[in-house]
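This is structure-v6.txt. It holds compact mmCIF, C-alpha atoms and all ligand atoms.
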# COMPACT_ATOMS: atom_id res chain seq x y z
CA MET A 1 -7.31 -10.79 50.70
CA ARG A 2 -11.07 -10.82 50.19
CA ALA A 3 -13.19 -11.00 53.30
CA ALA A 4 -16.84 -10.66 54.39
CA VAL A 5 -16.89 -7.60 56.63
CA PHE A 6 -19.60 -6.81 59.17
CA GLN A 7 -19.90 -3.07 59.56
CA GLN A 8 -22.95 -2.53 61.76
CA PRO A 9 -26.03 -4.45 62.94
CA GLY A 10 -28.78 -4.80 60.39
CA ARG A 11 -26.56 -3.96 57.45
CA ALA A 12 -25.51 -6.51 54.83
CA VAL A 13 -21.94 -7.76 55.15
CA ALA A 14 -19.70 -6.33 52.44
CA ILE A 15 -16.97 -8.13 50.54
CA GLU A 16 -13.83 -6.06 50.93
CA ASP A 17 -10.19 -6.32 49.94
CA LEU A 18 -8.15 -6.20 53.14
CA ILE A 19 -4.49 -6.37 54.08
CA LEU A 20 -3.34 -9.16 56.39
CA ASP A 21 -0.09 -8.60 58.24
CA PRO A 22 2.30 -11.50 58.97
CA PRO A 23 1.81 -13.54 62.15
CA ARG A 24 3.58 -12.37 65.30
CA ALA A 25 4.96 -14.53 68.13
CA GLY A 26 2.45 -17.21 69.16
CA GLU A 27 0.41 -16.86 65.95
CA VAL A 28 0.04 -18.61 62.61
CA ARG A 29 -1.32 -17.48 59.28
CA VAL A 30 -3.95 -19.80 57.81
CA ARG A 31 -5.27 -19.85 54.24
CA ILE A 32 -8.96 -20.64 54.64
CA LEU A 33 -10.29 -23.52 52.53
CA ALA A 34 -13.83 -23.77 53.93
CA SER A 35 -16.04 -21.81 56.31
CA GLY A 36 -19.58 -22.66 57.33
CA VAL A 37 -22.21 -19.97 57.81
CA CYS A 38 -23.58 -20.45 61.33
CA HIS A 39 -26.60 -18.98 63.07
CA SER A 40 -24.25 -17.22 65.52
CA ASP A 41 -22.90 -15.12 62.61
CA LEU A 42 -26.51 -14.23 61.85
CA HIS A 43 -27.19 -13.21 65.49
CA VAL A 44 -24.41 -10.64 65.04
CA ARG A 45 -25.41 -9.59 61.52
CA ASP A 46 -28.98 -8.92 62.66
CA GLY A 47 -27.99 -7.12 65.85
CA GLU A 48 -29.41 -9.73 68.25
CA TRP A 49 -25.94 -9.73 69.77
CA PRO A 50 -25.01 -6.07 69.42
CA ARG A 51 -21.29 -5.74 68.75
CA PRO A 52 -19.42 -2.85 67.23
CA GLY A 53 -17.85 -3.43 63.80
CA PRO A 54 -15.98 -3.55 61.67
CA PHE A 55 -14.90 -7.15 61.78
CA VAL A 56 -14.33 -10.07 59.49
CA ILE A 57 -17.28 -12.31 60.25
CA GLY A 58 -17.25 -16.15 60.39
CA HIS A 59 -16.12 -18.56 63.08
CA GLU A 60 -16.56 -22.06 61.62
CA GLY A 61 -13.53 -22.51 59.43
CA ALA A 62 -10.57 -24.63 58.44
CA GLY A 63 -7.56 -24.15 56.23
CA ILE A 64 -3.90 -24.68 55.56
CA VAL A 65 -1.10 -23.24 57.68
CA GLU A 66 0.80 -20.79 55.48
CA ALA A 67 3.26 -19.19 57.86
CA LEU A 68 4.40 -19.57 61.47
CA GLY A 69 5.04 -16.56 63.66
CA PRO A 70 8.46 -16.11 65.26
CA GLY A 71 9.23 -18.82 67.81
CA VAL A 72 6.29 -21.11 66.96
CA ASP A 73 7.76 -24.59 67.35
CA PRO A 74 6.40 -27.09 64.80
CA ALA A 75 7.49 -30.05 66.96
CA ALA A 76 5.66 -28.78 70.05
CA THR A 77 2.53 -27.57 68.28
CA GLY A 78 2.12 -29.95 65.32
CA LEU A 79 1.78 -26.83 63.19
CA THR A 80 3.80 -27.08 59.98
CA VAL A 81 3.39 -25.13 56.77
CA GLY A 82 0.84 -27.00 54.62
CA ARG A 83 -0.92 -28.69 57.55
CA LEU A 84 -4.73 -28.69 57.62
CA VAL A 85 -6.09 -27.07 60.78
CA ALA A 86 -9.60 -26.60 62.15
CA LEU A 87 -10.04 -23.27 63.91
CA SER A 88 -11.42 -23.00 67.42
CA TRP A 89 -13.52 -19.90 68.07
CA TYR A 90 -12.56 -19.89 71.71
CA ALA A 91 -8.78 -19.90 71.89
CA PRO A 92 -7.91 -20.57 75.55
CA CYS A 93 -5.48 -18.25 77.33
CA GLY A 94 -3.92 -21.22 79.13
CA HIS A 95 -3.41 -19.48 82.49
CA CYS A 96 -6.83 -18.58 83.98
CA PRO A 97 -8.54 -20.85 86.55
CA GLY A 98 -10.85 -22.32 83.89
CA CYS A 99 -7.93 -23.25 81.63
CA LEU A 100 -5.84 -24.55 84.50
CA ALA A 101 -8.74 -26.81 85.51
CA GLY A 102 -8.88 -28.18 81.96
CA ARG A 103 -12.20 -26.45 81.29
CA GLU A 104 -11.12 -24.14 78.53
CA TRP A 105 -14.69 -23.36 77.48
CA LEU A 106 -14.78 -21.36 80.73
CA CYS A 107 -11.59 -19.41 79.87
CA SER A 108 -11.98 -15.93 81.32
CA ASP A 109 -9.15 -14.29 79.40
CA SER A 110 -9.61 -15.39 75.80
CA GLY A 111 -8.96 -12.77 73.13
CA SER A 112 -11.80 -14.51 71.26
CA SER A 113 -14.46 -13.01 73.52
CA ARG A 114 -13.11 -9.55 72.71
CA HIS A 115 -12.87 -10.35 68.97
CA ARG A 116 -9.19 -9.63 69.08
CA LEU A 117 -5.96 -11.58 69.04
CA ALA A 118 -4.53 -12.51 72.43
CA ASP A 119 -2.65 -9.21 72.76
CA GLY A 120 -5.79 -7.20 71.98
CA SER A 121 -4.75 -6.26 68.45
CA THR A 122 -5.63 -7.36 64.91
CA ARG A 123 -3.48 -8.25 61.89
CA THR A 124 -6.18 -7.11 59.49
CA HIS A 125 -6.64 -3.62 58.12
CA ARG A 126 -7.87 -1.66 55.16
CA ALA A 127 -5.65 0.08 52.63
CA ASP A 128 -6.26 3.36 54.51
CA GLY A 129 -4.76 1.76 57.64
CA SER A 130 -8.03 1.50 59.61
CA GLU A 131 -8.35 -1.68 61.62
CA VAL A 132 -10.77 -4.54 61.00
CA PHE A 133 -11.10 -7.12 63.78
CA PRO A 134 -11.47 -10.91 63.60
CA TYR A 135 -14.84 -12.17 64.86
CA CYS A 136 -14.14 -14.51 67.81
CA GLY A 137 -10.44 -13.91 67.17
CA ILE A 138 -10.50 -15.98 63.97
CA GLY A 139 -12.75 -14.25 61.34
CA THR A 140 -13.05 -17.22 58.98
CA LEU A 141 -15.18 -15.77 56.16
CA ALA A 142 -12.04 -14.54 54.44
CA GLU A 143 -9.36 -15.93 52.17
CA ALA A 144 -6.89 -15.95 55.06
CA THR A 145 -6.56 -15.16 58.74
CA VAL A 146 -3.94 -14.89 61.48
CA VAL A 147 -4.87 -16.76 64.66
CA PRO A 148 -3.30 -17.69 68.01
CA VAL A 149 -1.54 -21.07 68.01
CA SER A 150 -4.12 -22.34 70.53
CA ALA A 151 -6.90 -21.72 67.96
CA ALA A 152 -5.27 -23.77 65.18
CA ILE A 153 -5.84 -27.49 65.72
CA PRO A 154 -3.99 -29.91 63.40
CA MET A 155 -6.39 -32.35 61.76
CA PRO A 156 -5.66 -35.99 60.95
CA GLU A 157 -4.48 -36.87 57.44
CA GLY A 158 -7.39 -37.22 55.01
CA THR A 159 -9.89 -35.00 56.84
CA PRO A 160 -11.87 -33.03 54.21
CA PRO A 161 -11.57 -29.26 54.81
CA GLU A 162 -15.37 -28.83 54.97
CA VAL A 163 -15.59 -31.46 57.68
CA ALA A 164 -12.77 -29.77 59.59
CA ALA A 165 -14.60 -26.44 59.27
CA LEU A 166 -17.83 -27.79 60.76
CA ILE A 167 -15.89 -29.44 63.59
CA GLY A 168 -14.84 -25.88 64.45
CA CYS A 169 -18.37 -24.94 65.51
CA CYS A 170 -21.60 -26.85 64.98
CA VAL A 171 -20.19 -30.36 65.38
CA SER A 172 -18.26 -29.61 68.57
CA THR A 173 -21.22 -27.64 69.95
CA GLY A 174 -23.74 -30.41 69.25
CA VAL A 175 -21.79 -33.64 69.67
CA GLY A 176 -20.00 -32.19 72.70
CA ALA A 177 -23.32 -31.26 74.34
CA VAL A 178 -24.21 -34.96 74.30
CA LEU A 179 -20.83 -36.54 75.09
CA ASN A 180 -19.19 -33.93 77.33
CA THR A 181 -21.91 -31.76 78.88
CA ALA A 182 -24.76 -34.24 79.40
CA ARG A 183 -22.70 -37.47 79.21
CA VAL A 184 -25.77 -39.28 77.92
CA PRO A 185 -25.64 -42.96 78.93
CA ALA A 186 -26.35 -45.72 76.39
CA GLY A 187 -30.01 -46.69 76.30
CA SER A 188 -31.29 -43.19 77.14
CA SER A 189 -34.21 -41.44 75.50
CA VAL A 190 -33.32 -38.13 73.87
CA VAL A 191 -35.31 -35.33 72.26
CA VAL A 192 -33.65 -32.72 70.04
CA ILE A 193 -35.61 -29.53 69.30
CA GLY A 194 -34.24 -27.60 66.31
CA LEU A 195 -32.36 -29.37 63.56
CA GLY A 196 -29.87 -26.88 62.12
CA GLY A 197 -26.17 -27.69 62.00
CA VAL A 198 -26.11 -27.76 65.80
CA GLY A 199 -29.27 -29.85 66.34
CA LEU A 200 -28.32 -32.42 63.69
CA SER A 201 -24.92 -32.70 65.39
CA ILE A 202 -26.75 -33.43 68.64
CA VAL A 203 -28.63 -36.21 66.81
CA MET A 204 -25.29 -37.66 65.60
CA GLY A 205 -23.88 -37.39 69.13
CA ALA A 206 -26.90 -39.22 70.56
CA VAL A 207 -26.36 -42.02 68.04
CA LEU A 208 -22.69 -42.23 69.08
CA ALA A 209 -23.71 -42.33 72.75
CA GLY A 210 -26.02 -45.27 72.08
CA ALA A 211 -29.28 -43.51 72.91
CA ALA A 212 -32.17 -45.94 72.43
CA THR A 213 -34.78 -43.37 71.45
CA ILE A 214 -33.93 -40.17 69.56
CA VAL A 215 -36.88 -37.94 68.73
CA ALA A 216 -36.05 -35.12 66.31
CA VAL A 217 -38.26 -32.01 66.28
CA ASP A 218 -38.33 -29.12 63.79
CA GLN A 219 -40.88 -26.97 62.02
CA VAL A 220 -39.36 -27.75 58.61
CA ALA A 221 -40.19 -31.24 57.30
CA ALA A 222 -36.98 -31.60 55.26
CA LYS A 223 -34.94 -31.28 58.47
CA LEU A 224 -36.77 -34.26 59.95
CA GLU A 225 -35.84 -36.40 56.95
CA ARG A 226 -32.17 -35.59 57.35
CA ALA A 227 -32.36 -36.34 61.09
CA VAL A 228 -33.81 -39.78 60.34
CA GLU A 229 -30.98 -40.43 57.85
CA LEU A 230 -28.53 -39.52 60.60
CA GLY A 231 -30.10 -41.96 63.04
CA SER A 232 -33.03 -40.39 64.86
CA THR A 233 -35.64 -43.03 65.62
CA ALA A 234 -38.72 -40.80 65.37
CA SER A 235 -39.58 -37.28 64.37
CA VAL A 236 -42.20 -34.69 65.16
CA LEU A 237 -43.12 -31.80 62.89
CA ALA A 238 -43.61 -28.82 65.20
CA GLY A 239 -46.89 -27.33 64.13
CA ASP A 240 -48.85 -24.28 65.20
CA ASP A 241 -50.21 -26.08 68.26
CA PRO A 242 -47.40 -26.49 70.82
CA VAL A 243 -49.65 -28.55 73.12
CA ALA A 244 -50.13 -31.17 70.41
CA THR A 245 -46.40 -31.16 69.59
CA GLU A 246 -45.47 -31.73 73.23
CA ALA A 247 -48.12 -34.46 73.63
CA ARG A 248 -46.69 -36.31 70.62
CA ILE A 249 -43.14 -36.04 72.03
CA ARG A 250 -44.31 -37.41 75.40
CA GLU A 251 -46.04 -40.28 73.64
CA LEU A 252 -42.86 -41.18 71.72
CA THR A 253 -40.71 -41.05 74.86
CA ASN A 254 -42.92 -42.91 77.31
CA GLY A 255 -43.89 -39.82 79.27
CA GLY A 256 -40.89 -37.61 78.54
CA PRO A 257 -37.21 -37.91 77.56
CA ASP A 258 -34.28 -38.57 79.86
CA TYR A 259 -32.48 -35.76 78.00
CA ALA A 260 -34.10 -32.90 76.08
CA PHE A 261 -31.82 -30.66 73.97
CA GLU A 262 -32.85 -27.21 72.75
CA ALA A 263 -30.82 -26.11 69.71
CA ILE A 264 -32.64 -23.00 68.50
CA GLY A 265 -32.46 -20.33 71.20
CA LEU A 266 -36.13 -19.30 71.50
CA ALA A 267 -37.78 -18.68 74.86
CA GLY A 268 -40.84 -20.71 73.80
CA THR A 269 -38.92 -23.84 72.82
CA ILE A 270 -36.59 -23.51 75.83
CA GLU A 271 -39.64 -23.51 78.12
CA ALA A 272 -41.11 -26.48 76.22
CA THR A 273 -37.81 -28.37 76.61
CA ILE A 274 -37.99 -27.98 80.39
CA ARG A 275 -41.72 -28.79 80.49
CA LEU A 276 -41.14 -32.05 78.63
CA LEU A 277 -38.90 -33.51 81.33
CA PRO A 278 -40.11 -36.44 83.41
CA PRO A 279 -38.89 -36.67 87.02
CA GLY A 280 -35.10 -37.01 86.95
CA GLY A 281 -34.91 -35.66 83.40
CA THR A 282 -32.29 -33.21 82.16
CA ALA A 283 -32.75 -30.26 79.83
CA VAL A 284 -29.63 -29.23 77.93
CA LEU A 285 -29.76 -25.67 76.60
CA VAL A 286 -27.52 -25.32 73.56
CA GLY A 287 -29.25 -22.70 71.40
CA MET A 288 -28.18 -19.11 72.06
CA THR A 289 -30.92 -16.50 72.44
CA PRO A 290 -30.67 -12.83 71.57
CA PHE A 291 -29.21 -10.92 74.55
CA GLY A 292 -31.72 -10.19 77.31
CA VAL A 293 -34.17 -13.03 76.61
CA ARG A 294 -35.66 -14.63 79.73
CA ALA A 295 -37.46 -17.95 80.12
CA GLY A 296 -39.61 -19.33 82.93
CA PHE A 297 -40.72 -22.63 84.37
CA GLU A 298 -42.90 -23.82 87.22
CA VAL A 299 -40.55 -24.41 90.13
CA PHE A 300 -42.41 -26.81 92.44
CA PRO A 301 -42.62 -29.81 90.08
CA PHE A 302 -39.11 -29.07 88.83
CA VAL A 303 -37.59 -29.38 92.30
CA ASP A 304 -40.03 -32.03 93.47
CA GLY A 305 -39.08 -34.20 90.48
CA SER A 306 -35.34 -33.54 90.84
CA ARG A 307 -35.04 -32.31 87.27
CA SER A 308 -31.92 -30.56 85.92
CA ILE A 309 -31.06 -27.82 83.45
CA LEU A 310 -27.57 -27.66 81.93
CA GLY A 311 -26.18 -24.79 79.89
CA SER A 312 -23.74 -25.98 77.25
CA ASN A 313 -21.45 -23.56 75.47
CA TYR A 314 -19.26 -24.98 72.65
CA GLY A 315 -20.05 -28.53 73.78
CA PHE A 316 -17.55 -28.14 76.64
CA ALA A 317 -14.89 -28.48 73.94
CA VAL A 318 -11.23 -28.91 74.69
CA ALA A 319 -10.40 -28.24 71.07
CA SER A 320 -6.98 -29.86 70.95
CA VAL A 321 -8.45 -33.10 72.30
CA ASP A 322 -11.98 -33.11 70.86
CA PHE A 323 -11.41 -31.79 67.32
CA PRO A 324 -9.06 -34.62 66.24
CA ARG A 325 -11.37 -37.16 67.92
CA TYR A 326 -14.38 -35.98 65.95
CA ALA A 327 -12.29 -36.08 62.76
CA GLN A 328 -11.19 -39.66 63.54
CA LEU A 329 -14.80 -40.66 64.13
CA PHE A 330 -15.70 -39.13 60.75
CA LEU A 331 -12.86 -41.01 59.03
CA ALA A 332 -14.02 -44.23 60.69
CA GLY A 333 -17.52 -43.70 59.27
CA ARG A 334 -19.10 -43.18 62.68
CA LEU A 335 -19.84 -39.44 62.53
CA PRO A 336 -21.18 -38.49 59.09
CA ILE A 337 -20.34 -34.78 59.38
CA ASP A 338 -20.28 -34.37 55.59
CA ARG A 339 -24.05 -34.97 55.54
CA LEU A 340 -24.58 -31.56 57.13
CA VAL A 341 -23.22 -29.74 54.09
CA GLU A 342 -25.88 -28.81 51.62
CA ARG A 343 -24.45 -26.03 49.50
CA ARG A 344 -21.03 -24.75 48.56
CA ILE A 345 -21.03 -21.04 47.92
CA GLY A 346 -18.63 -18.17 47.32
CA LEU A 347 -18.00 -15.30 49.72
CA ASP A 348 -20.61 -13.22 47.88
CA GLY A 349 -23.23 -15.84 48.82
CA VAL A 350 -23.05 -15.14 52.57
CA GLU A 351 -26.09 -12.82 52.66
CA ASP A 352 -28.12 -15.41 50.75
CA ALA A 353 -27.00 -18.04 53.29
CA PHE A 354 -28.24 -15.72 56.07
CA ASP A 355 -31.65 -15.47 54.37
CA ARG A 356 -31.85 -19.26 54.28
CA LEU A 357 -30.89 -19.54 57.98
CA ARG A 358 -33.59 -17.01 58.90
CA ALA A 359 -36.14 -19.12 57.05
CA GLY A 360 -34.88 -22.39 58.53
CA ALA A 361 -34.36 -23.56 54.94
CA GLY A 362 -31.74 -26.11 54.02
CA LEU A 363 -28.70 -27.46 55.85
CA ARG A 364 -25.26 -25.88 56.19
CA SER A 365 -24.04 -23.49 53.51
CA VAL A 366 -20.25 -23.67 53.34
CA VAL A 367 -18.10 -21.04 51.67
CA THR A 368 -15.26 -22.75 49.84
CA PHE A 369 -12.16 -20.95 48.61
N1 LIG A 401 -39.87 -25.01 66.45
C1 LIG A 401 -39.12 -25.97 65.90
N2 LIG A 401 -38.03 -25.74 65.14
C2 LIG A 401 -37.70 -24.46 64.92
C3 LIG A 401 -38.44 -23.39 65.46
C4 LIG A 401 -39.58 -23.70 66.25
N3 LIG A 401 -40.34 -22.74 66.80
N4 LIG A 401 -37.84 -22.23 65.07
C5 LIG A 401 -36.76 -22.57 64.34
N5 LIG A 401 -36.66 -23.92 64.23
C6 LIG A 401 -35.63 -24.70 63.55
C7 LIG A 401 -35.27 -24.21 62.16
O1 LIG A 401 -36.17 -24.73 61.19
C8 LIG A 401 -33.85 -24.75 61.98
O2 LIG A 401 -33.85 -26.05 61.44
O3 LIG A 401 -34.42 -24.56 64.28
C9 LIG A 401 -33.30 -24.81 63.42
C10 LIG A 401 -32.21 -23.78 63.72
O4 LIG A 401 -31.10 -24.08 62.96
P1 LIG A 401 -30.07 -23.02 62.34
O5 LIG A 401 -30.76 -21.74 62.08
O6 LIG A 401 -29.36 -23.72 61.22
O7 LIG A 401 -29.09 -22.72 63.57
P2 LIG A 401 -27.72 -23.43 64.05
O8 LIG A 401 -26.57 -22.85 63.30
O9 LIG A 401 -27.91 -24.89 64.12
O10 LIG A 401 -27.62 -22.83 65.53
C11 LIG A 401 -28.64 -23.07 66.48
O11 LIG A 401 -27.27 -22.72 68.40
O12 LIG A 401 -25.12 -21.96 68.76
C12 LIG A 401 -26.44 -21.61 68.69
O13 LIG A 401 -26.34 -19.33 67.95
C13 LIG A 401 -26.73 -20.61 67.59
O14 LIG A 401 -28.80 -20.05 68.53
C14 LIG A 401 -28.21 -20.77 67.48
C15 LIG A 401 -28.43 -22.27 67.72
ZN ZN A 402 -21.26 -21.24 65.24
Now, as a test, write the supplied structure out as structure tokens.
Ligand code: APR
Ligand code: ZN
Amino acid sequence: MRAAVFQQPGRAVAIEDLILDPPRAGEVRVRILASGVCHSDLHVRDGEWPRPGPFVIGHEGAGIVEALGPGVDPAATGLTVGRLVALSWYAPCGHCPGCLAGREWLCSDSGSSRHRLADGSTRTHRADGSEVFPYCGIGTLAEATVVPVSAAIPMPEGTPPEVAALIGCCVSTGVGAVLNTARVPAGSSVVVIGLGGVGLSIVMGAVLAGAATIVAVDQVAAKLERAVELGSTASVLAGDDPVATEARIRELTNGGPDYAFEAIGLAGTIEATIRLLPPGGTAVLVGMTPFGVRAGFEVFPFVDGSRSILGSNYGFAVASVDFPRYAQLFLAGRLPIDRLVERRIGLDGVEDAFDRLRAGAGLRSVVTF
């Protein structure tokens, strides 16, 4: 199978022909139909999250179940050959305290965090026998993958594969930050800073939650237009003068938003997100920084005004519950996930998609197979 392989930080991913072994117990083989290119792949590619290669990159994918490992029960799992599944990049182990408490985004024993299957191995190797590992345990920028059953979530009939793919990362991360992490009440005012796949999903989540004011902020004008189409009520082009940008946001939110979401992962915008809060306001940090980045804020007014900061990884997703819900909302016309897709590319277009992400240009590039 062809796959985009990350070898080492700073080096272009290479398209290689790899061998994929059959699924073992507790695993399924999935033929990938669509995989988005997410900024988290770029963090790895550029060495902002140093990780040793080689692995098949990609973690925002969906496809068709091709084979069930020994003992995988179709009745118990909903996994049948031919079924469309969205892949979760954080397959829960099912037995750690986080999983047992129903908070699988806090799973402490997921193979995904080691970029391995649950048993620590990989089904993917080169013709010379050397191993290649699946990024986040799923490695979706490939023609096929073998994943744990808990990573393969059956999608409702009629879900387009591209939509299922984006549910696997940016949609769950963004919509979940609003509905699960922050639990934004109807009528709230919301600001979203950074309008990539994640930030635009936050905008869609805020619409679903019934936010009264949704201010979308980005430094690229085209992103603001798409946010307005998705339901933001106002937008602010982040210019060179952060003071002016923040003043405009305050003006549009009557002194500051009830909820401010950061969806980039830059210290400067994280600090601005916290600074924007009025008393009682909540900052929700969704964007992931390079390792080691620190941010600061003035403590006295923060405590005095009873403000809050929430960290939100993967939108507090319980994949088996949330993924089908997001798909149903799409099918009902209430979550226009397809509007995030801008370009369909081949595997050899991944590096070009990375260039576009670095420049903040365009919406999601999706590799289709
Ligand atoms: N001010 C305003 N907007 C900015 C700024 C800035 N200083 N810098 C970048 N942006 C905008 C870009 O123009 C782009 O629209 O932030 C957006 C980032 O979007 P993407 O690169 O598409 O990233 P995305 O895949 O949405 O992920 C966002 O969430 O999960 C994490 O690792 C992921 O850190 C990444 C973040
Ligand atoms: Zn992602």
> range 317-331 of chain A: which residues within 8 Å, counting all atoms listed in the file, same-chain residues fewer than 3 positions away excluded, as JSON, numbers by chain?
Replying inline: {"A": [86, 88, 102, 103, 104, 105, 153, 154, 155, 156, 158, 159, 163, 164, 167, 168, 172, 173, 176, 180, 314, 334, 335, 336, 337]}
> Between A:Ala238, A:Val147, A:Val341, A:Ala247, which one has atoms that come closest to ligand LIG 401 (chain A), using all atoms listed in the file?
Replying inline: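 Closest residue, counting all atoms listed in the file: A:Ala238.
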>> Please report the interatomic distance between atom C14 of ligand LIG 401 (chain A) and CA of Glu48 in chain A in Å with one decimal.
In response: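 Taking atom C14 of ligand LIG 401 (chain A) as the start and CA of Glu48 in chain A as the end point, the length is 11.1 Å.
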>> Around ligand LIG 401 (chain A), which protein and nucleic acid residues have at least one atom no more than 9 Å from it, if we count only C-alpha atoms and all ligand atoms? List them as number ranges by chain.
In response: A: 37-43, 169-170, 173-174, 193-201, 217-224, 237-240, 242, 262-266, 268-269, 286-290, 313-314, 354, 356-364
> Which of these, A:Val350, A:Cys96, A:Val56, A:Leu68, has the shortest distance to Gly137 in chain A once you count all atoms listed in the file?
Replying inline: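 Distance minimum relative to Gly137 in chain A lands on A:Val56.
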Please rebuild range 27-40 of chain A with N, CA and C atoms and give the result as a PDB file, keeping the file's coordinate frame.
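The result, written out as rebuild.pdb:
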ATOM      1  N   GLU A  27       1.505 -16.888  66.933  1.00  0.00           N
ATOM      2  CA  GLU A  27       0.410 -16.860  65.950  1.00  0.00           C
ATOM      3  C   GLU A  27       0.806 -17.623  64.686  1.00  0.00           C
ATOM      4  N   VAL A  28      -0.212 -18.020  63.934  1.00  0.00           N
ATOM      5  CA  VAL A  28       0.040 -18.610  62.610  1.00  0.00           C
ATOM      6  C   VAL A  28      -0.916 -17.964  61.608  1.00  0.00           C
ATOM      7  N   ARG A  29      -0.450 -17.949  60.360  1.00  0.00           N
ATOM      8  CA  ARG A  29      -1.320 -17.480  59.280  1.00  0.00           C
ATOM      9  C   ARG A  29      -1.919 -18.711  58.605  1.00  0.00           C
ATOM     10  N   VAL A  30      -3.235 -18.659  58.392  1.00  0.00           N
ATOM     11  CA  VAL A  30      -3.950 -19.800  57.810  1.00  0.00           C
ATOM     12  C   VAL A  30      -4.673 -19.350  56.551  1.00  0.00           C
ATOM     13  N   ARG A  31      -4.484 -20.095  55.459  1.00  0.00           N
ATOM     14  CA  ARG A  31      -5.270 -19.850  54.240  1.00  0.00           C
ATOM     15  C   ARG A  31      -6.561 -20.654  54.370  1.00  0.00           C
ATOM     16  N   ILE A  32      -7.678 -19.957  54.403  1.00  0.00           N
ATOM     17  CA  ILE A  32      -8.960 -20.640  54.640  1.00  0.00           C
ATOM     18  C   ILE A  32      -9.362 -21.448  53.394  1.00  0.00           C
ATOM     19  N   LEU A  33      -9.779 -22.680  53.630  1.00  0.00           N
ATOM     20  CA  LEU A  33     -10.290 -23.520  52.530  1.00  0.00           C
ATOM     21  C   LEU A  33     -11.810 -23.628  52.587  1.00  0.00           C
ATOM     22  N   ALA A  34     -12.374 -23.619  53.788  1.00  0.00           N
ATOM     23  CA  ALA A  34     -13.830 -23.770  53.930  1.00  0.00           C
ATOM     24  C   ALA A  34     -14.280 -23.064  55.197  1.00  0.00           C
ATOM     25  N   SER A  35     -15.454 -22.438  55.106  1.00  0.00           N
ATOM     26  CA  SER A  35     -16.040 -21.810  56.310  1.00  0.00           C
ATOM     27  C   SER A  35     -17.549 -21.930  56.247  1.00  0.00           C
ATOM     28  N   GLY A  36     -18.127 -22.547  57.259  1.00  0.00           N
ATOM     29  CA  GLY A  36     -19.580 -22.660  57.330  1.00  0.00           C
ATOM     30  C   GLY A  36     -20.185 -21.319  57.723  1.00  0.00           C
ATOM     31  N   VAL A  37     -21.463 -21.151  57.381  1.00  0.00           N
ATOM     32  CA  VAL A  37     -22.210 -19.970  57.810  1.00  0.00           C
ATOM     33  C   VAL A  37     -23.153 -20.430  58.918  1.00  0.00           C
ATOM     34  N   CYS A  38     -22.904 -19.943  60.134  1.00  0.00           N
ATOM     35  CA  CYS A  38     -23.580 -20.450  61.330  1.00  0.00           C
ATOM     36  C   CYS A  38     -24.594 -19.421  61.819  1.00  0.00           C
ATOM     37  N   HIS A  39     -25.578 -19.903  62.573  1.00  0.00           N
ATOM     38  CA  HIS A  39     -26.600 -18.980  63.070  1.00  0.00           C
ATOM     39  C   HIS A  39     -25.994 -17.922  64.009  1.00  0.00           C
ATOM     40  N   SER A  40     -24.873 -18.219  64.631  1.00  0.00           N
ATOM     41  CA  SER A  40     -24.250 -17.220  65.520  1.00  0.00           C
ATOM     42  C   SER A  40     -23.716 -16.023  64.721  1.00  0.00           C
TER      43      SER A  40
END
